[in-house]
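Novice: This is my_file18.cif (mmCIF, C-alpha atoms).
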data_my_file
loop_
_atom_site.label_atom_id
_atom_site.label_comp_id
_atom_site.auth_asym_id
_atom_site.auth_seq_id
_atom_site.Cartn_x
_atom_site.Cartn_y
_atom_site.Cartn_z
CA MET A 5 0.00 0.00 0.00
CA LYS A 6 1.23 3.46 -0.81
CA VAL A 7 1.10 5.80 2.18
CA THR A 8 2.11 9.40 2.73
CA ILE A 9 2.93 10.30 6.31
CA THR A 10 4.17 13.74 7.24
CA VAL A 11 6.99 13.26 9.73
CA ASN A 12 8.37 16.39 11.38
CA GLY A 13 6.84 18.48 8.61
CA THR A 14 8.27 16.45 5.72
CA PRO A 15 5.97 14.16 3.71
CA TYR A 16 7.32 10.62 3.28
CA THR A 17 5.61 8.58 0.57
CA ARG A 18 6.47 4.90 0.79
CA ASP A 19 5.07 1.55 -0.30
CA VAL A 20 4.45 -0.57 2.80
CA GLU A 21 2.80 -3.81 3.78
CA PRO A 22 -0.27 -3.18 5.97
CA ARG A 23 1.43 -5.09 8.78
CA THR A 24 4.35 -2.65 8.90
CA LEU A 25 4.35 -1.05 12.34
CA LEU A 26 4.80 2.69 12.57
CA ALA A 27 8.00 2.31 14.63
CA TYR A 28 9.62 0.35 11.80
CA PHE A 29 8.25 2.71 9.16
CA LEU A 30 9.99 5.57 10.95
CA ARG A 31 13.25 3.72 11.52
CA GLU A 32 13.62 1.63 8.39
CA HIS A 33 11.57 3.39 5.72
CA CYS A 34 12.34 6.98 6.75
CA GLY A 35 15.75 6.40 8.34
CA LEU A 36 14.66 8.23 11.48
CA THR A 37 16.27 6.06 14.14
CA GLY A 38 15.66 8.44 17.01
CA THR A 39 12.44 6.54 17.69
CA HIS A 40 13.71 3.59 19.72
CA VAL A 41 12.23 0.14 20.03
CA GLY A 42 12.54 -1.29 23.53
CA CYS A 43 10.07 -3.96 24.56
CA ASP A 44 8.28 -4.00 21.19
CA THR A 45 5.06 -4.90 23.05
CA SER A 46 3.67 -1.48 24.11
CA SER A 47 4.97 -1.69 27.67
CA CYS A 48 8.10 0.47 27.78
CA GLY A 49 7.29 3.68 25.89
CA CYS A 50 10.68 4.03 24.15
CA CYS A 51 8.90 4.24 20.78
CA VAL A 52 6.44 7.02 21.63
CA ALA A 53 5.79 9.65 18.96
CA VAL A 54 3.11 12.33 18.78
CA LEU A 55 0.22 11.91 16.34
CA ASP A 56 -1.43 15.03 14.90
CA GLY A 57 0.15 17.31 17.47
CA GLN A 58 -1.65 16.07 20.56
CA THR A 59 -1.80 12.31 20.97
CA ALA A 60 1.15 10.33 22.31
CA VAL A 61 1.23 6.90 20.67
CA LYS A 62 3.37 3.84 21.14
CA THR A 63 4.47 3.39 17.54
CA CYS A 64 5.14 -0.33 18.05
CA THR A 65 1.38 -0.70 18.51
CA MET A 66 0.09 1.24 15.52
CA PHE A 67 0.31 0.28 11.87
CA ALA A 68 1.94 2.73 9.47
CA VAL A 69 -1.16 2.53 7.24
CA GLN A 70 -3.20 4.00 10.10
CA ALA A 71 -1.02 7.11 9.97
CA ASP A 72 -1.53 7.62 6.21
CA GLY A 73 -2.46 11.27 5.75
CA HIS A 74 -1.55 12.15 9.33
CA GLU A 75 1.29 14.08 10.97
CA ILE A 76 3.87 12.47 13.22
CA LEU A 77 6.35 14.26 15.46
CA THR A 78 9.49 12.36 16.46
CA VAL A 79 12.53 13.37 18.49
CA GLU A 80 14.24 14.51 15.27
CA GLY A 81 11.56 17.17 14.91
CA LEU A 82 11.99 18.78 18.32
CA ALA A 83 15.05 20.99 17.81
CA ALA A 84 14.58 23.92 15.45
CA GLY A 85 17.22 26.08 13.76
CA GLY A 86 20.06 24.54 15.73
CA ALA A 87 18.41 25.32 19.08
CA LEU A 88 17.24 22.60 21.40
CA HIS A 89 13.53 22.43 22.13
CA PRO A 90 12.75 23.57 25.71
CA ILE A 91 11.98 19.96 26.61
CA GLN A 92 15.38 18.80 25.29
CA GLN A 93 17.12 21.69 27.04
CA ALA A 94 15.40 20.78 30.29
CA PHE A 95 16.45 17.11 30.05
CA SER A 96 20.01 18.33 29.49
CA ASP A 97 19.94 20.91 32.29
CA GLN A 98 18.38 18.56 34.83
CA HIS A 99 20.40 15.47 33.87
CA GLY A 100 17.13 13.79 32.88
CA LEU A 101 18.94 11.01 31.06
CA HIS A 102 21.52 8.40 31.83
CA CYS A 103 21.96 5.98 28.92
CA GLY A 104 19.46 7.92 26.81
CA TYR A 105 17.58 4.95 25.40
CA CYS A 106 14.21 5.91 26.88
CA THR A 107 14.76 9.64 26.37
CA PRO A 108 13.05 10.16 22.99
CA GLY A 109 9.91 8.42 24.28
CA MET A 110 10.03 10.37 27.53
CA MET A 111 10.26 13.66 25.65
CA LEU A 112 7.51 12.89 23.14
CA THR A 113 5.19 11.72 25.92
CA THR A 114 6.02 15.03 27.61
CA VAL A 115 5.01 16.99 24.48
CA ALA A 116 1.50 15.51 24.64
CA LEU A 117 1.34 15.74 28.45
CA LEU A 118 2.15 19.46 28.48
CA LYS A 119 -0.28 20.08 25.62
CA HIS A 120 -3.15 18.83 27.79
CA THR A 121 -1.70 19.78 31.20
CA PRO A 122 0.49 22.88 30.76
CA ALA A 123 1.07 23.37 34.51
CA PRO A 124 1.36 19.85 35.91
CA THR A 125 1.94 19.00 39.55
CA GLU A 126 4.70 16.55 40.39
CA ALA A 127 2.06 13.86 40.84
CA GLN A 128 0.58 14.61 37.42
CA ILE A 129 4.02 14.35 35.82
CA ARG A 130 4.69 11.02 37.50
CA GLU A 131 1.25 9.71 36.48
CA GLY A 132 1.64 11.09 32.95
CA LEU A 133 4.97 9.32 32.45
CA ALA A 134 3.82 6.03 34.00
CA GLY A 135 3.78 4.39 30.56
CA ASN A 136 7.47 5.15 29.97
CA LEU A 137 10.12 3.03 31.64
CA CYS A 138 13.68 4.16 32.42
CA ARG A 139 15.80 1.14 33.28
CA CYS A 140 18.54 3.42 34.61
CA THR A 141 15.80 4.50 37.04
CA GLY A 142 16.57 8.17 36.57
CA TYR A 143 13.03 9.18 37.29
CA ASN A 144 13.65 12.00 39.77
CA ASN A 145 15.65 14.02 37.30
CA ILE A 146 13.22 13.21 34.50
CA VAL A 147 10.41 14.63 36.62
CA LYS A 148 12.50 17.75 37.33
CA ALA A 149 13.19 18.12 33.62
CA VAL A 150 9.49 17.98 32.76
CA GLN A 151 8.77 20.54 35.47
CA GLN A 152 11.42 22.88 34.04
CA ALA A 153 10.09 22.39 30.50
CA ALA A 154 6.56 23.18 31.67
CA ASP A 155 7.77 26.35 33.39
CA VAL A 156 9.71 27.49 30.32
CA LEU A 157 6.93 26.67 27.86
CA ARG A 158 4.40 28.65 29.91
CA GLN A 159 6.47 31.82 29.59
CA PRO A 160 5.12 34.11 26.86
CA ALA A 161 8.48 34.20 25.04
CA ALA A 162 8.29 30.47 24.47
CA ALA A 163 4.79 30.62 23.05
CA THR A 164 6.10 30.33 19.52
CA LYS A 165 7.69 26.96 20.20
CA MET B 22 7.22 -10.32 16.25
CA ILE B 23 5.59 -9.09 13.11
CA PRO B 24 1.89 -9.84 12.64
CA ALA B 25 0.70 -12.23 9.94
CA ALA B 26 -0.16 -10.47 6.69
CA PHE B 27 -3.65 -9.00 6.37
CA ASP B 28 -5.65 -6.76 4.07
CA TYR B 29 -6.26 -3.27 5.41
CA ILE B 30 -9.46 -1.38 4.68
CA ARG B 31 -10.01 2.16 5.89
CA ALA B 32 -13.73 2.76 6.33
CA HIS B 33 -15.12 6.18 5.40
CA SER B 34 -18.58 5.67 6.90
CA PRO B 35 -20.21 3.30 9.38
CA ASP B 36 -22.21 1.84 6.47
CA GLU B 37 -19.04 1.10 4.56
CA ALA B 38 -17.39 -0.47 7.62
CA PHE B 39 -20.46 -2.62 8.19
CA SER B 40 -20.63 -3.79 4.58
CA HIS B 41 -16.96 -4.84 4.66
CA LEU B 42 -17.54 -6.73 7.91
CA GLN B 43 -20.59 -8.44 6.40
CA GLN B 44 -18.59 -9.40 3.33
CA HIS B 45 -15.63 -10.87 5.23
CA GLY B 46 -17.47 -12.32 8.24
CA GLY B 47 -15.23 -14.14 10.71
CA ASP B 48 -12.06 -13.31 8.75
CA ALA B 49 -12.37 -9.63 9.56
CA ARG B 50 -11.80 -7.64 12.73
CA VAL B 51 -12.59 -4.04 13.52
CA LEU B 52 -9.49 -1.93 14.18
CA ALA B 53 -10.28 0.80 16.72
CA GLY B 54 -7.54 1.75 19.21
CA GLY B 55 -5.69 -1.47 18.48
CA GLN B 56 -4.08 -1.55 21.92
CA SER B 57 -5.18 -5.13 22.58
CA LEU B 58 -5.67 -6.33 19.00
CA ILE B 59 -2.25 -5.32 17.66
CA PRO B 60 -0.27 -6.99 20.49
CA ALA B 61 -2.46 -10.09 20.03
CA MET B 62 -1.63 -10.05 16.31
CA ARG B 63 2.06 -9.58 17.02
CA PHE B 64 2.05 -12.63 19.29
CA ARG B 65 0.05 -14.43 16.55
CA LEU B 66 -2.74 -15.04 19.04
CA ALA B 67 -4.97 -13.34 16.48
CA ARG B 68 -4.60 -13.68 12.71
CA PRO B 69 -7.43 -11.76 11.08
CA ALA B 70 -7.26 -11.77 7.27
CA VAL B 71 -8.86 -8.33 7.06
CA LEU B 72 -8.77 -5.30 9.33
CA VAL B 73 -11.49 -2.69 8.95
CA ASP B 74 -10.11 0.56 10.38
CA ILE B 75 -12.86 2.74 11.87
CA ASN B 76 -10.54 5.43 13.27
CA GLY B 77 -11.59 7.88 10.56
CA LEU B 78 -15.25 7.79 11.60
CA ALA B 79 -15.35 10.93 13.74
CA ASP B 80 -19.04 10.44 14.63
CA LEU B 81 -18.07 7.30 16.51
CA GLY B 82 -15.59 9.24 18.65
CA ARG B 83 -18.15 11.26 20.58
CA LEU B 84 -19.09 11.23 24.23
CA GLU B 85 -22.73 12.27 24.40
CA LEU B 86 -24.14 12.97 27.83
CA GLY B 87 -27.91 12.84 27.47
CA ARG B 88 -30.70 12.99 30.03
CA THR B 89 -30.76 9.26 30.71
CA ALA B 90 -27.50 7.90 29.35
CA LEU B 91 -23.89 8.66 28.56
CA ALA B 92 -23.14 7.31 25.08
CA ILE B 93 -19.48 6.48 24.44
CA GLY B 94 -18.80 5.93 20.74
CA ALA B 95 -16.73 3.08 19.36
CA ILE B 96 -13.56 5.12 18.85
CA ALA B 97 -13.84 7.37 21.93
CA ARG B 98 -10.51 6.99 23.71
CA ASP B 99 -10.00 6.17 27.36
CA SER B 100 -8.26 9.55 27.69
CA ALA B 101 -11.45 11.29 26.54
CA ILE B 102 -13.22 9.92 29.62
CA GLU B 103 -10.28 10.93 31.81
CA ARG B 104 -10.56 14.52 30.50
CA ALA B 105 -14.36 14.82 30.26
CA PRO B 106 -15.62 18.04 31.88
CA TRP B 107 -18.12 16.18 34.08
CA ILE B 108 -15.74 13.42 35.25
CA GLY B 109 -15.21 15.08 38.63
CA GLU B 110 -18.91 14.78 39.57
CA THR B 111 -19.54 12.34 42.42
CA ARG B 112 -22.10 10.34 40.45
CA TRP B 113 -19.47 9.54 37.81
CA SER B 114 -16.81 8.53 40.34
CA LEU B 115 -16.70 4.92 39.13
CA LEU B 116 -15.83 6.08 35.60
CA HIS B 117 -13.43 8.64 37.05
CA ASP B 118 -11.53 5.96 38.90
CA VAL B 119 -11.29 3.45 36.07
CA SER B 120 -10.32 6.04 33.47
CA ARG B 121 -7.12 6.71 35.41
CA VAL B 122 -5.94 3.12 35.77
CA VAL B 123 -6.62 1.41 32.44
CA ALA B 124 -3.28 0.24 30.99
CA ASP B 125 -0.95 3.28 31.07
CA PRO B 126 -1.42 6.96 30.17
CA VAL B 127 0.01 6.61 26.65
CA VAL B 128 -2.00 3.50 25.81
CA ARG B 129 -5.11 5.34 27.06
CA GLN B 130 -4.64 8.00 24.39
CA MET B 131 -5.33 5.37 21.69
CA GLY B 132 -7.24 2.62 23.49
CA THR B 133 -11.04 2.73 23.44
CA VAL B 134 -13.75 1.85 25.95
CA VAL B 135 -15.86 -0.06 23.43
CA GLY B 136 -12.80 -1.90 22.13
CA SER B 137 -11.96 -3.02 25.64
CA LEU B 138 -15.49 -4.37 26.11
CA CYS B 139 -15.36 -6.17 22.74
CA HIS B 140 -11.97 -7.68 23.59
CA ASN B 141 -13.45 -8.99 26.87
CA ASP B 142 -10.18 -9.89 28.50
CA PRO B 143 -10.68 -11.80 31.77
CA SER B 144 -8.64 -9.07 33.49
CA GLY B 145 -10.17 -6.10 31.66
CA ASP B 146 -11.14 -2.99 33.60
CA TRP B 147 -14.10 -1.67 31.60
CA THR B 148 -15.95 -4.99 31.65
CA ALA B 149 -16.28 -5.01 35.45
CA VAL B 150 -17.15 -1.30 35.45
CA ALA B 151 -19.84 -1.80 32.80
CA LEU B 152 -21.37 -4.57 34.92
CA ALA B 153 -21.40 -2.49 38.10
CA ALA B 154 -22.89 0.50 36.25
CA ARG B 155 -25.37 -1.66 34.29
CA ALA B 156 -24.27 -0.43 30.89
CA ALA B 157 -25.51 -1.69 27.53
CA VAL B 158 -23.74 -2.04 24.20
CA VAL B 159 -25.24 -0.92 20.88
CA VAL B 160 -24.51 -3.56 18.24
CA ARG B 161 -25.21 -3.29 14.54
CA GLY B 162 -26.17 -6.55 12.86
CA ARG B 163 -27.86 -7.67 9.69
CA GLN B 164 -31.31 -7.15 11.22
CA GLY B 165 -30.48 -3.63 12.33
CA THR B 166 -29.20 -2.11 15.52
CA ARG B 167 -29.88 -3.69 18.91
CA THR B 168 -28.97 -2.73 22.47
CA VAL B 169 -27.48 -5.58 24.48
CA PRO B 170 -27.36 -5.40 28.30
CA ILE B 171 -23.78 -5.90 29.47
CA ASP B 172 -24.67 -9.12 31.32
CA ASP B 173 -25.71 -10.66 27.99
CA PHE B 174 -22.92 -8.97 26.05
CA LEU B 175 -20.05 -10.61 27.96
CA VAL B 176 -20.32 -14.24 26.88
CA ASP B 177 -16.97 -15.79 27.81
CA SER B 178 -13.25 -15.02 27.71
CA PHE B 179 -12.56 -12.93 24.61
CA THR B 180 -16.11 -13.66 23.40
CA THR B 181 -19.03 -11.26 23.26
CA ALA B 182 -22.50 -11.00 21.76
CA VAL B 183 -20.98 -9.29 18.70
CA GLY B 184 -21.38 -11.93 16.01
CA GLU B 185 -19.44 -12.43 12.79
CA GLY B 186 -19.96 -9.52 10.44
CA GLU B 187 -21.35 -7.32 13.23
CA MET B 188 -19.90 -4.27 14.93
CA ALA B 189 -20.33 -2.51 18.26
CA LEU B 190 -21.18 1.17 17.75
CA ALA B 191 -21.30 2.51 21.30
CA VAL B 192 -21.72 1.71 24.97
CA HIS B 193 -24.44 3.42 27.00
CA PHE B 194 -23.92 4.07 30.72
CA PRO B 195 -27.14 5.05 32.51
CA VAL B 196 -26.87 8.51 34.08
CA PRO B 197 -26.67 7.68 37.80
CA GLY B 198 -29.32 9.12 40.08
CA ASP B 199 -28.72 11.65 42.84
CA ARG B 200 -26.76 10.32 45.80
CA THR B 201 -24.83 7.86 43.64
CA ALA B 202 -21.12 7.22 43.93
CA GLY B 203 -18.76 4.50 42.88
CA SER B 204 -15.22 3.32 43.19
CA TYR B 205 -12.85 1.21 41.13
CA GLN B 206 -10.25 -0.67 43.13
CA LYS B 207 -7.43 -2.38 41.29
CA VAL B 208 -4.29 -4.02 42.56
CA GLU B 209 -1.58 -4.38 39.94
CA ARG B 210 2.11 -5.16 40.29
CA LYS B 211 3.04 -2.20 38.11
CA VAL B 212 1.33 0.29 35.82
CA GLY B 213 0.21 -1.49 32.68
CA ASP B 214 0.22 -5.00 34.12
CA PHE B 215 -2.90 -7.12 34.20
CA ALA B 216 -4.83 -6.73 37.43
CA THR B 217 -4.01 -9.11 40.26
CA ALA B 218 -7.59 -8.44 41.35
CA ALA B 219 -10.04 -5.62 40.73
CA ALA B 220 -13.48 -4.60 41.96
CA ALA B 221 -16.01 -2.13 40.55
CA VAL B 222 -18.58 -0.75 42.96
CA GLN B 223 -21.48 1.68 42.51
CA VAL B 224 -24.16 2.50 45.10
CA THR B 225 -27.20 4.80 45.20
CA LEU B 226 -28.69 5.88 48.52
CA ASP B 227 -32.35 6.72 49.10
CA GLY B 228 -33.68 9.73 51.06
CA LYS B 229 -33.36 7.86 54.35
CA GLY B 230 -29.77 6.83 53.79
CA ALA B 231 -30.46 3.20 52.90
CA ILE B 232 -28.89 1.59 49.83
CA LYS B 233 -31.41 1.80 46.99
CA GLU B 234 -29.27 0.34 44.21
CA ALA B 235 -25.94 -1.46 44.19
CA GLY B 236 -23.66 -2.70 41.45
CA ILE B 237 -20.75 -4.96 42.41
CA ALA B 238 -18.47 -6.67 39.88
CA LEU B 239 -15.05 -8.27 39.81
CA SER B 240 -12.34 -8.59 37.21
CA ALA B 241 -9.44 -11.05 37.14
CA ALA B 242 -11.78 -13.36 39.04
CA GLY B 243 -12.52 -16.04 36.46
CA PRO B 244 -12.91 -16.48 32.71
CA CYS B 245 -14.85 -13.25 32.40
CA ALA B 246 -15.66 -10.22 34.55
CA VAL B 247 -18.46 -11.23 36.88
CA ARG B 248 -21.36 -9.55 38.66
CA VAL B 249 -21.59 -10.53 42.35
CA THR B 250 -25.36 -10.76 42.62
CA GLU B 251 -25.15 -12.07 46.21
CA ALA B 252 -23.21 -8.95 47.25
CA GLU B 253 -25.73 -6.67 45.57
CA GLN B 254 -28.56 -8.49 47.38
CA ALA B 255 -26.74 -8.14 50.68
CA LEU B 256 -26.61 -4.38 50.20
CA VAL B 257 -29.92 -3.29 48.66
CA GLY B 258 -32.47 -2.12 51.24
CA GLN B 259 -29.89 -1.97 54.04
CA LYS B 260 -28.37 0.94 55.88
CA PRO B 261 -24.66 0.95 55.05
CA THR B 262 -22.90 -0.51 58.08
CA ALA B 263 -19.65 -2.37 58.63
CA ASP B 264 -21.61 -5.64 58.89
CA VAL B 265 -23.38 -5.08 55.59
CA ILE B 266 -20.10 -4.22 53.88
CA ARG B 267 -18.50 -7.35 55.34
CA ALA B 268 -21.36 -9.49 54.00
CA ALA B 269 -20.89 -8.04 50.51
CA ALA B 270 -17.12 -8.56 50.70
CA ASP B 271 -17.54 -12.17 51.81
CA ALA B 272 -19.91 -12.80 48.92
CA ALA B 273 -17.33 -11.38 46.51
CA SER B 274 -14.55 -13.58 47.90
CA LYS B 275 -16.79 -16.59 47.53
CA ARG B 276 -17.80 -15.69 43.98
CA SER B 277 -14.24 -15.03 42.78
CA GLU B 278 -12.75 -17.92 40.79
CA PRO B 279 -9.25 -16.69 39.93
CA GLN B 280 -6.36 -18.64 38.52
CA ALA B 281 -3.06 -18.89 40.36
CA ASP B 282 -0.17 -17.24 38.55
CA LEU B 283 2.92 -15.13 39.32
CA ARG B 284 0.61 -12.42 40.67
CA GLY B 285 -0.67 -14.61 43.48
CA SER B 286 -2.33 -17.81 44.64
CA VAL B 287 -6.03 -18.59 44.35
CA GLU B 288 -6.44 -18.13 48.11
CA TYR B 289 -4.77 -14.71 48.03
CA LYS B 290 -6.73 -13.46 45.04
CA LYS B 291 -10.07 -14.64 46.46
CA ASN B 292 -9.34 -12.81 49.70
CA LEU B 293 -8.20 -9.73 47.80
CA ALA B 294 -11.46 -9.61 45.82
CA GLY B 295 -13.37 -9.23 49.08
CA VAL B 296 -10.92 -6.69 50.47
CA LEU B 297 -11.28 -4.58 47.32
CA VAL B 298 -15.08 -4.70 47.38
CA ALA B 299 -15.04 -3.53 51.01
CA ARG B 300 -12.55 -0.76 50.22
CA GLY B 301 -14.60 0.29 47.20
CA LEU B 302 -17.84 0.41 49.20
CA ARG B 303 -16.23 2.47 51.95
CA GLN B 304 -14.77 4.89 49.41
CA ALA B 305 -18.04 5.22 47.46
CA LEU B 306 -19.95 5.87 50.69
CA ALA B 307 -17.33 8.36 51.86
CA ARG B 308 -17.85 10.21 48.60
CA LEU B 309 -21.50 10.51 49.63
CA GLY B 310 -20.48 11.78 53.06
CA VAL B 311 -21.27 8.50 54.80
CA GLN B 312 -18.77 6.74 57.06
CA ALA B 313 -19.36 3.02 57.39
#
Rewrite the structure of this file - the entire thing - as structure tokens.
Specialist:
Amino acid sequence: MKVTITVNGTPYTRDVEPRTLLAYFLREHCGLTGTHVGCDTSSCGCCVAVLDGQTAVKTCTMFAVQADGHEILTVEGLAAGGALHPIQQAFSDQHGLHCGYCTPGMMLTTVALLKHTPAPTEAQIREGLAGNLCRCTGYNNIVKAVQQAADVLRQPAAATK
Amino acid sequence: MIPAAFDYIRAHSPDEAFSHLQQHGGDARVLAGGQSLIPAMRFRLARPAVLVDINGLADLGRLELGRTALAIGAIARDSAIERAPWIGETRWSLLHDVSRVVADPVVRQMGTVVGSLCHNDPSGDWTAVALAARAAVVVRGRQGTRTVPIDDFLVDSFTTAVGEGEMALAVHFPVPGDRTAGSYQKVERKVGDFATAAAAVQVTLDGKGAIKEAGIALSAAGPCAVRVTEAEQALVGQKPTADVIRAAADAASKRSEPQADLRGSVEYKKNLAGVLVARGLRQALARLGVQA
């Protein structure tokens, strides 16, 4: 099946089998390997991307054909013009990553979380990230990073991001 | 773990989806959120030849709160319930509770309520909640659309009243009366795991403070979520007291028929079912300002 999926603003038209999972479409058909595959069974959250600007999805549990005609945001689409996205900057500032494997999923889940909950409490951050596992167990700094990103994104100057 | 090959059809209207399902019968499955179906296909536990994707049917994504019922469309996501403007009202507390513990918060952004009911996993959350709230599922078949009470809808593990070539369009939850509250109690080893045990509870009090209506159901307590009729009978007509709650809890423990696994023994899970019913009743009553 021919599909056209807009990833990070760029349309990718590819011929895929219906059973091709979105995670593999991104990695193998688009060459965007920032979307990681961890458990491959929708438990770990390493493969999370954002669908149509507001829904976090585990891309190992969605077929690429479902995303035909839709927009996907991956970690490669966060930085703009050489500047880190406020969420990336916050993960860097707060040491919100150890090995980095879970980080893209953590950040993309955060994009959707802050879209719906711009001023989250610590409890809301912990609940919102409960579908993303960090096997380095660096959760405290991840939570701090999300809090910083929320604070920065709420400032009027960041409204364009 | 790549699924077996299948043909993919994107439906552009409910009529079109239905006609594809009629044409392919038992070979076809509806693709809604896919959060149970796709893992099942990846493990080759399910091998449908055709998937009919209904995600483009926006009309089926609505939550409609009417005078007598809340209608949840076939592609309304769990997260839509979690974020509904009325979800903080006491009478919807059972739905409030469950909407925050289904799977994990990312899965809830795709997963659907109706899909969960149609999947009918023995450890599902929505099945027990639908029993306690006395919901009904709207099913479209060859003879037209029918409304199936949840007790008749849940046939057996992974089996429902939706026949080959049919599709579920919505689930209807009756709007609870005044002085109604509920609670969903789930014990899980970690977020996203199957429940070790779970209990859904909803009670309505009359003007004198006695229990007018009660819905009690268990999940992870047998092949299918189960209504504990004996517990409901122990409650209705009674003033809510510790003794009455204990009677309902004992009935739930007795009714639970769990399987032993890494999450616990049969003895432990049966006991836990009763503990969770008691906790749920106390929390529901507390939400109505009643200590028992």
Novice: Hey, what's within 6 Å of stretch 108-119 of chain A if we count all atoms listed in the file and toss same-chain stuff fewer than 6 positions away? As a VMD selection string, please?
Specialist: chain A and resid 49 to 53 58 to 60 79
Novice: For chain A, which residue among B:Gly55, B:Gly198, B:Gly230, B:Gly295 is the nearest when counting all atoms listed in the file?
Specialist: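 Ranking B:Gly55, B:Gly198, B:Gly230, B:Gly295 by distance to chain A, first place goes to B:Gly55.
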Novice: Figure out the distance between atom CA of B:Pro244 and atom CA of B:Gln280, please, to one decimal in Å.
Specialist: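 Answer for the atom CA of B:Gln280 to atom CA of B:Pro244 separation: 9.0 Å.
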Novice: Once you count all atoms listed in the file, which residues of chain A turn out to be within 10 Å of chain B? Could you give them as an NGL selection string?
Specialist: :A and (5 or 21-25 or 44-49 or 52 or 58-62 or 64-67 or 69-70 or 113 or 116-117 or 120 or 131-136)
Novice: Taking the file as I've supplied it (selection: the PyMOL selection byres ((chain A and resi 82) around 10)), which residues are included? Please answer as a PyMOL selection string.
Specialist: chain A and resi 12+77-81+83-84+87-92+108+111-112+115+165
Novice: The PyMOL selection byres ((chain B and resi 134) around 8) on the file shown: which residues, as a PDB file with C-alpha atoms, keeping the file's coordinate frame?
Specialist:
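Full text of result.pdb as output:
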ATOM      1  CA  ILE B  93     -19.480   6.480  24.440  1.00  0.00           C
ATOM      2  CA  ALA B  95     -16.730   3.080  19.360  1.00  0.00           C
ATOM      3  CA  ILE B  96     -13.560   5.120  18.850  1.00  0.00           C
ATOM      4  CA  ALA B  97     -13.840   7.370  21.930  1.00  0.00           C
ATOM      5  CA  ARG B  98     -10.510   6.990  23.710  1.00  0.00           C
ATOM      6  CA  ASP B  99     -10.000   6.170  27.360  1.00  0.00           C
ATOM      7  CA  GLY B 132      -7.240   2.620  23.490  1.00  0.00           C
ATOM      8  CA  THR B 133     -11.040   2.730  23.440  1.00  0.00           C
ATOM      9  CA  VAL B 135     -15.860  -0.060  23.430  1.00  0.00           C
ATOM     10  CA  GLY B 136     -12.800  -1.900  22.130  1.00  0.00           C
ATOM     11  CA  SER B 137     -11.960  -3.020  25.640  1.00  0.00           C
ATOM     12  CA  LEU B 138     -15.490  -4.370  26.110  1.00  0.00           C
ATOM     13  CA  TRP B 147     -14.100  -1.670  31.600  1.00  0.00           C
TER      14      TRP B 147
END
Novice: May I ask for the distance between atom CA of B:Glu278 and atom CA of B:Ala219, given in Å to one decimal place?
Specialist: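 For atom CA of B:Glu278 relative to atom CA of B:Ala219, the distance reads 12.6 Å.
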Novice: B:Pro197, B:Gly145, B:Gly236, B:Gly310: which is nearest B:Gly87, counting all atoms listed in the file?
Specialist: B:Pro197
Novice: Counting all atoms listed in the file, figure out which residue out of B:Asp199, B:Asp142, B:Asp282, B:Glu187 gets nearest to B:Ser240.
Specialist: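 Of the candidates, the smallest distance to B:Ser240 is held by B:Asp142.
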Novice: Neighbouring residues of B:Ala38 were defined as those with any atom within 10 Å, considering only C-alpha atoms; residues of the same chain fewer than 2 positions away were excluded. Please report them as a list of chain:residue names.
Specialist: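 Once the nearby chain positions are removed, what remains is B:Ile30, B:Arg31, B:Ala32, B:His33, B:Ser34, B:Pro35, B:Asp36, B:Ser40, B:His41, B:Leu42, B:Gln43, B:Gln44, B:Val51, B:Val73, B:Asp74, B:Ile75, B:Leu78, B:Gly186, B:Glu187, B:Met188.
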Novice: To one decimal in Å, tell me the separation between atom CA of B:Thr181 and atom CA of B:Val298.
Specialist: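 Straight-line distance from atom CA of B:Thr181 to atom CA of B:Val298 works out to 25.3 Å.
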Novice: Name every residue that the PyMOL selection byres ((chain A and resi 141) around 12) selects in this structure, writing the answer as a PyMOL selection string with chains first and numbers rising.
Specialist: chain A and resi 100-107+136-140+142-147
Novice: Counting all atoms listed in the file, figure out which residue out of B:Ser114, B:Thr166, B:Thr217, B:Ser144 gets nearest to B:Ser178.
Specialist: B:Ser144
Novice: Between A:Thr37, A:Pro124, A:Val20, A:Asp56, which has the minimum distance to A:Gly73 (counting only C-alpha atoms)?
Specialist: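 Looking at the shortest contact to A:Gly73, the residue is A:Asp56.
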Novice: Mind listing as a list of chain:residue names all residues within 9 Å of (-19.8, -13.8, 50.4), counting all atoms listed in the file?
Specialist: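 Collected hits near the coordinates: B:Val249, B:Glu251, B:Ala252, B:Ala255, B:Arg267, B:Ala268, B:Ala269, B:Ala270, B:Asp271, B:Ala272, B:Ala273, B:Ser274, B:Lys275, B:Arg276, B:Gly295.
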Novice: Got a sec: who's within 12 Å of B:Leu226, counting all atoms listed in the file, leaving out chain neighbours fewer than 4 positions off, as an MDAnalysis selection string?
Specialist: chainID B and resid 112 197:203 230:235 256:261 305:306 308:311
Novice: Compile the contact shell of B:Ala154 as a ChimeraX atom specification: residues with an atom at most 12 Å away, counting only C-alpha atoms, same-chain residues fewer than 4 positions apart removed.
Specialist: /B:90-91,112-116,119,147-150,170-172,192-198,201-205,221-225,234-238,248
